[in-house]
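Printed here is entry05.txt (compact mmCIF, C-alpha atoms):
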# COMPACT_ATOMS: atom_id res chain seq x y z
CA MET A 521 -3.15 -31.04 -44.75
CA VAL A 522 -6.78 -30.41 -45.65
CA SER A 523 -7.78 -32.93 -48.28
CA GLN A 524 -10.60 -30.82 -49.60
CA ASN A 525 -8.17 -28.20 -50.94
CA ARG A 526 -5.75 -30.54 -52.67
CA ASP A 527 -7.40 -30.47 -56.08
CA GLU A 528 -6.88 -26.72 -56.35
CA LYS A 529 -3.08 -26.72 -56.53
CA THR A 530 -1.63 -26.46 -60.02
CA GLU A 531 1.88 -25.07 -59.59
CA ALA A 532 4.91 -26.17 -57.62
CA PRO A 533 7.42 -24.03 -55.75
CA LEU A 534 10.40 -23.03 -57.87
CA LEU A 535 13.80 -24.34 -56.82
CA ALA A 536 17.20 -23.05 -57.79
CA ASP A 537 18.19 -26.56 -58.86
CA SER A 538 14.79 -27.67 -60.20
CA SER A 539 16.21 -28.24 -63.67
CA GLY A 540 19.28 -30.15 -64.70
CA GLU A 541 20.60 -33.67 -64.55
CA HIS A 542 18.61 -36.37 -62.82
CA GLY A 543 20.19 -38.21 -59.92
CA ASP A 544 20.96 -41.85 -59.26
CA ILE A 545 17.22 -42.64 -59.40
CA GLU A 546 14.42 -41.06 -61.37
CA LEU A 547 11.15 -41.26 -59.45
CA VAL A 548 7.83 -40.38 -61.06
CA ILE A 549 5.32 -39.98 -58.24
CA ILE A 550 1.66 -39.37 -59.08
CA ARG A 551 -1.39 -38.59 -57.00
CA HIS A 552 -4.31 -41.00 -57.50
CA GLY A 553 -7.49 -40.09 -59.41
CA GLN A 554 -10.48 -38.43 -57.83
CA THR A 555 -12.61 -40.32 -55.30
CA PRO A 556 -16.21 -39.54 -54.30
CA GLY A 557 -14.85 -38.03 -51.09
CA ASN A 558 -12.50 -35.74 -53.02
CA ALA A 559 -15.39 -34.54 -55.17
CA GLU A 560 -17.48 -33.81 -52.07
CA ARG A 561 -14.54 -32.07 -50.34
CA ARG A 562 -14.39 -34.57 -47.49
CA TYR A 563 -11.46 -35.73 -45.39
CA VAL A 564 -10.79 -39.15 -46.91
CA GLY A 565 -7.44 -40.21 -45.46
CA CYS A 566 -6.39 -43.81 -44.95
CA ALA A 567 -9.32 -44.94 -42.83
CA SER A 568 -11.68 -44.76 -45.81
CA ASP A 569 -10.63 -47.09 -48.63
CA GLN A 570 -12.64 -45.45 -51.37
CA PRO A 571 -12.61 -46.45 -55.04
CA LEU A 572 -12.20 -43.93 -57.83
CA SER A 573 -15.23 -41.97 -58.94
CA GLU A 574 -16.24 -42.04 -62.59
CA ALA A 575 -14.50 -38.69 -62.96
CA GLY A 576 -11.42 -40.16 -61.33
CA ARG A 577 -11.35 -43.08 -63.73
CA GLU A 578 -11.62 -40.66 -66.64
CA GLN A 579 -8.79 -38.55 -65.18
CA ALA A 580 -6.54 -41.61 -65.05
CA LEU A 581 -7.42 -42.61 -68.61
CA GLN A 582 -6.78 -39.08 -69.91
CA ALA A 583 -3.64 -38.45 -67.83
CA GLN A 584 -0.24 -37.75 -69.31
CA SER A 585 1.09 -40.87 -70.99
CA PHE A 586 4.11 -42.62 -69.53
CA PRO A 587 6.22 -45.55 -70.72
CA GLN A 588 4.45 -48.85 -70.21
CA VAL A 589 6.69 -50.02 -67.40
CA SER A 590 6.74 -53.52 -65.97
CA LYS A 591 6.30 -52.42 -62.35
CA VAL A 592 4.47 -49.61 -60.56
CA TYR A 593 4.55 -48.96 -56.82
CA VAL A 594 1.33 -48.18 -54.94
CA SER A 595 0.06 -47.68 -51.40
CA LYS A 596 -2.17 -50.19 -49.64
CA LEU A 597 -5.29 -48.23 -50.60
CA ARG A 598 -7.66 -49.12 -53.42
CA ARG A 599 -7.65 -45.73 -55.13
CA THR A 600 -3.94 -46.03 -55.93
CA HIS A 601 -4.43 -49.56 -57.30
CA GLU A 602 -7.27 -48.50 -59.57
CA THR A 603 -5.37 -45.44 -60.83
CA ALA A 604 -2.25 -47.51 -61.52
CA ALA A 605 -4.28 -50.15 -63.37
CA LEU A 606 -5.66 -47.49 -65.72
CA MET A 607 -2.43 -45.55 -66.22
CA PHE A 608 -0.10 -48.57 -66.34
CA PRO A 609 -2.34 -51.44 -67.47
CA HIS A 610 0.46 -53.92 -68.08
CA ALA A 611 2.48 -53.24 -64.93
CA GLU A 612 2.80 -55.40 -61.85
CA GLN A 613 1.61 -53.48 -58.79
CA VAL A 614 3.85 -53.59 -55.72
CA VAL A 615 2.54 -52.21 -52.41
CA VAL A 616 4.93 -50.00 -50.44
CA GLU A 617 4.17 -50.10 -46.73
CA GLY A 618 3.76 -46.80 -44.93
CA ILE A 619 3.09 -44.42 -47.84
CA HIS A 620 -0.70 -44.29 -47.42
CA GLU A 621 -2.57 -41.06 -46.73
CA MET A 622 -2.86 -39.45 -43.29
CA ASP A 623 -5.26 -40.89 -40.72
CA PHE A 624 -7.79 -38.14 -40.02
CA GLY A 625 -9.39 -40.12 -37.19
CA VAL A 626 -12.89 -38.95 -36.26
CA PHE A 627 -12.79 -36.36 -39.06
CA THR A 628 -12.72 -39.10 -41.73
CA GLY A 629 -15.59 -38.94 -44.19
CA ARG A 630 -16.75 -35.52 -43.01
CA SER A 631 -16.44 -32.11 -44.65
CA ALA A 632 -15.31 -28.86 -43.08
CA ASP A 633 -18.84 -27.46 -43.47
CA GLU A 634 -20.31 -30.41 -41.59
CA MET A 635 -17.85 -29.91 -38.74
CA GLU A 636 -18.15 -26.15 -38.50
CA ASP A 637 -19.52 -26.40 -34.95
CA ASP A 638 -17.49 -29.44 -33.89
CA GLU A 639 -15.30 -28.38 -30.97
CA GLN A 640 -12.58 -30.96 -31.68
CA TYR A 641 -12.38 -29.93 -35.33
CA ARG A 642 -12.31 -26.21 -34.56
CA GLU A 643 -9.49 -26.76 -32.08
CA TRP A 644 -7.51 -28.73 -34.69
CA VAL A 645 -8.01 -26.10 -37.41
CA GLU A 646 -7.19 -23.24 -35.05
CA GLY A 647 -3.90 -25.04 -34.36
CA TRP A 648 -3.12 -24.86 -38.10
CA CYS A 649 -3.97 -28.58 -38.48
CA GLU A 650 -0.72 -29.46 -36.72
CA GLY A 651 -2.17 -31.37 -33.75
CA VAL A 652 -3.37 -34.94 -33.48
CA CYS A 653 -6.67 -35.71 -35.18
CA PRO A 654 -8.68 -37.47 -32.44
CA GLY A 655 -8.30 -41.18 -33.11
CA GLY A 656 -5.79 -40.49 -35.89
CA GLU A 657 -2.41 -38.90 -36.60
CA SER A 658 -0.82 -35.51 -36.19
CA LYS A 659 0.88 -33.81 -39.10
CA ALA A 660 4.28 -34.50 -37.50
CA GLN A 661 3.50 -38.20 -37.03
CA PHE A 662 2.29 -38.46 -40.61
CA ASN A 663 5.37 -36.69 -41.98
CA GLU A 664 7.68 -38.95 -39.98
CA ARG A 665 5.91 -42.07 -41.29
CA ILE A 666 6.01 -40.93 -44.91
CA CYS A 667 9.65 -39.84 -44.83
CA ALA A 668 10.78 -43.07 -43.17
CA ALA A 669 8.80 -45.19 -45.65
CA MET A 670 10.01 -43.26 -48.70
CA LYS A 671 13.65 -43.31 -47.61
CA ALA A 672 13.51 -47.06 -46.97
CA PHE A 673 11.82 -47.61 -50.33
CA LEU A 674 14.43 -45.57 -52.24
CA LEU A 675 17.39 -47.16 -50.48
CA ASP A 676 15.99 -50.61 -51.17
CA ALA A 677 15.39 -49.77 -54.84
CA ALA A 678 18.95 -48.47 -55.17
CA SER A 679 20.33 -51.63 -53.58
CA ARG A 680 18.47 -53.67 -56.23
CA GLY A 681 19.81 -51.53 -59.06
CA GLU A 682 16.47 -49.92 -59.96
CA HIS A 683 17.01 -46.50 -61.50
CA ALA A 684 13.57 -45.62 -62.94
CA LEU A 685 10.66 -45.85 -60.51
CA TYR A 686 6.95 -45.13 -60.95
CA MET A 687 4.65 -44.68 -57.95
CA VAL A 688 0.97 -43.85 -57.52
CA ALA A 689 0.36 -42.45 -54.05
CA HIS A 690 -1.57 -39.64 -52.34
CA GLY A 691 -1.59 -35.86 -52.11
CA GLY A 692 -0.37 -36.09 -48.54
CA THR A 693 2.44 -38.45 -49.53
CA LEU A 694 3.75 -35.94 -52.05
CA MET A 695 3.46 -32.99 -49.66
CA ALA A 696 5.15 -34.76 -46.76
CA PHE A 697 8.03 -36.15 -48.82
CA LEU A 698 8.71 -33.00 -50.82
CA GLY A 699 8.09 -30.81 -47.80
CA ALA A 700 10.96 -32.60 -46.06
CA TYR A 701 13.30 -33.22 -49.00
CA GLY A 702 12.32 -30.60 -51.59
CA GLY A 703 14.75 -27.95 -50.40
CA VAL A 704 12.19 -25.17 -49.81
CA GLU A 705 11.71 -24.68 -46.08
CA GLY A 706 8.15 -24.24 -44.90
CA LYS A 707 6.61 -25.01 -48.31
CA TYR A 708 4.53 -28.01 -47.28
CA TYR A 709 1.13 -27.22 -48.79
CA GLU A 710 2.63 -25.69 -51.93
CA TRP A 711 3.68 -29.18 -53.05
CA ASN A 712 0.05 -30.18 -53.40
CA VAL A 713 -1.15 -31.22 -56.88
CA GLY A 714 -4.47 -32.15 -58.44
CA ASN A 715 -5.61 -35.69 -59.02
CA CYS A 716 -3.47 -37.64 -61.52
CA ARG A 717 -0.79 -34.96 -61.39
CA GLY A 718 2.64 -35.40 -59.87
CA TYR A 719 6.38 -34.88 -60.11
CA ARG A 720 9.41 -36.33 -61.81
CA LEU A 721 12.21 -36.33 -59.23
CA GLY A 722 15.91 -36.86 -59.57
CA ILE A 723 17.11 -38.66 -56.43
CA GLN A 724 20.73 -38.71 -55.27
CA ILE A 725 21.72 -41.47 -52.84
CA GLU A 726 25.04 -41.43 -51.04
CA ASN A 727 26.02 -43.30 -47.86
CA ASP A 728 22.38 -44.14 -47.07
CA ASP A 729 21.45 -40.47 -47.43
CA VAL A 730 18.64 -39.43 -49.78
CA ARG A 731 18.53 -36.05 -51.54
CA ILE A 732 16.28 -34.64 -54.25
CA SER A 733 18.46 -33.11 -56.97
CA SER A 734 15.83 -32.14 -59.56
CA ILE A 735 12.09 -31.58 -59.62
CA GLU A 736 9.73 -31.40 -62.59
CA LEU A 737 6.00 -30.79 -62.23
CA LEU A 738 3.99 -33.15 -64.43

Using structure tokens, write down the structure from this file.
Amino acid sequence: MVSQNRDEKTEAPLLADSSGEHGDIELVIIRHGQTPGNAERRYVGCASDQPLSEAGREQALQAQSFPQVSKVYVSKLRRTHETAALMFPHAEQVVVEGIHEMDFGVFTGRSADEMEDDEQYREWVEGWCEGVCPGGESKAQFNERICAAMKAFLLDAASRGEHALYMVAHGGTLMAFLGAYGGVEGKYYEWNVGNCRGYRLGIQIENDDVRISSIELL
């Protein structure tokens, strides 16, 4: 889950059922616009509440147009709020707890080049970035948090009769959720998208179980 590489992804994994009817809920989930840390290829995470860069604001203004909905869901971090305000200027913003980016601990705000000789960083990278970031989260802890938060969010929305949802979140949020529910085993990093890109998901909910039935790259 290396934040500096997330802008490079442009294509999603192909699924056998990636086209077809949408499910009980249609969820449009979008990664926020570029931040200064993204541009400088730094680990931003949730411990650094950065605003959008000028390029990020322009990305949000030039992004694919969506219906002007009355409500958009965001994380607790400023970059999602600013992106949502530009993409959905008339929408109420509702914060969803637990969907914020991974906590990179002591790596926050630093680039891979700057940490080339950092023993803790080298150990983490040599473990395929699976271990705990010192002072932060492991990939497994992050995935568990995201999946629990997204499932609770979707079940709650279904209970309130909401069938069309719009969310501005983070690259890690998309990768963790789709990595667990996207139906392609081991394809975690392939779900990465560039800033202000995302997915339209068909979500099936049955007996408190959540399943992704269709996926469209936006």

Near segment 553-564 of chain A, 12 Å: segment 606-686 of chain A residue rows, closest pairs, only C-alpha atoms, as a tab-separated table:
residue	atom	partner	partner_atom	distance
A:Leu606	CA	A:Gly553	CA	9.9
A:Met607	CA	A:Gly553	CA	10.1
A:His620	CA	A:Val564	CA	11.3
A:Glu621	CA	A:Val564	CA	8.4
A:Met622	CA	A:Val564	CA	8.7
A:Asp623	CA	A:Val564	CA	8.5
A:Phe624	CA	A:Tyr563	CA	6.9
A:Gly625	CA	A:Tyr563	CA	9.5
A:Val626	CA	A:Tyr563	CA	9.8
A:Phe627	CA	A:Tyr563	CA	6.5
A:Thr628	CA	A:Tyr563	CA	5.1
A:Gly629	CA	A:Tyr563	CA	5.4
A:Arg630	CA	A:Arg562	CA	5.2
A:Ser631	CA	A:Arg562	CA	4.3
A:Ala632	CA	A:Arg562	CA	7.3
A:Asp633	CA	A:Arg562	CA	9.3
A:Glu634	CA	A:Arg562	CA	9.3
A:Met635	CA	A:Arg562	CA	10.5
A:Tyr641	CA	A:Tyr563	CA	11.6
A:Cys653	CA	A:Tyr563	CA	11.3

Would you mind listing, for every residue of segment 598-684 of chain A within 12 Å of segment 702-714 of chain A, the two atoms forming the shortest contact and the distance between them in Å to one decimal, using only C-alpha atoms, sorted by chain and ascending residue number, as JSON lines?
{"residue": "A:Trp648", "atom": "CA", "partner": "A:Tyr709", "partner_atom": "CA", "distance": 11.7}
{"residue": "A:Cys649", "atom": "CA", "partner": "A:Tyr709", "partner_atom": "CA", "distance": 11.6}
{"residue": "A:Glu650", "atom": "CA", "partner": "A:Tyr708", "partner_atom": "CA", "distance": 11.9}
{"residue": "A:Lys659", "atom": "CA", "partner": "A:Tyr708", "partner_atom": "CA", "distance": 10.7}
{"residue": "A:Ala660", "atom": "CA", "partner": "A:Tyr708", "partner_atom": "CA", "distance": 11.7}
{"residue": "A:Asn663", "atom": "CA", "partner": "A:Tyr708", "partner_atom": "CA", "distance": 10.2}
{"residue": "A:Cys667", "atom": "CA", "partner": "A:Gly702", "partner_atom": "CA", "distance": 11.8}

Pick from A:His610, A:His683, A:Arg642, A:Arg717 nearest to Gly576 of chain A, counting all atoms listed in the file: A:Arg717

For a test of reading the model, state the distance in Å between atom CA of Glu617 of chain A and atom CA of Asp544 of chain A, rounded to one decimal. 22.5 Å

Just need the box for segment 693-705 of chain A, edges along x, y and z, holding every atom the file lists for it with 8 Å tacked onto each side, so centre and edge lengths in Å to one decimal, as lines of an AutoDock Vina configuration file.
center_x = 8.6
center_y = -31.6
center_z = -49.1
size_x = 28.3
size_y = 29.8
size_z = 22.0

What is the distance between atom CA of Gly718 of chain A and atom CA of Met687 of chain A, in Å to one decimal? 9.7 Å

Enumerate, as a ChimeraX atom specification, the protein, DNA and RNA residues whose atoms approach (-2.9, -45.9, -58.2) to within 7 Å, taking into account all atoms listed in the file and the coordinate frame of the file. /A:552,594,599-605,688-689

To one decimal place in Å, what is the distance between atom CA of Gly722 of chain A and atom CA of Ala583 of chain A? 21.3 Å

Using only C-alpha atoms for the distances, tell me which of A:Ala567, A:Asp728, A:Lys596, A:Tyr719 is nearest to Tyr686 of chain A. A:Tyr719

Out of A:Ile545, A:Tyr593, A:Gln584, A:Ala696, which residue has the shortest atom-to-atom distance to Arg731 of chain A when counting all atoms listed in the file?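 Ranked by minimum distance to Arg731 of chain A, first place goes to A:Ile545.
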
Let me make sure I understand: among A:Glu546, A:Ser573, A:Ser568, A:Ala611, which one has the smallest atom-to-atom distance to Gln724 of chain A if we use only C-alpha atoms?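 When distances to Gln724 of chain A are compared using only C-alpha atoms, the smallest one comes from A:Glu546.
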
With distances taken over all atoms listed in the file, which of A:Cys716, A:Leu685, A:Met670, A:Leu694 is nearest to Asp729 of chain A?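 Of A:Cys716, A:Leu685, A:Met670, A:Leu694, the one nearest Asp729 of chain A, counting all atoms listed in the file, is A:Met670.
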
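Among the candidates A:Glu664, A:Leu597, A:Gly681, A:Lys591, the residue lying nearest to Glu612 of chain A is A:Lys591 (atoms considered: all atoms listed in the file).
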
Residue contacts of Leu721 of chain A (9 Å, all atoms listed in the file) excluding same-chain residues fewer than 5 positions away, as a PyMOL selection string: chain A and resi 542-543+545-549+732-737
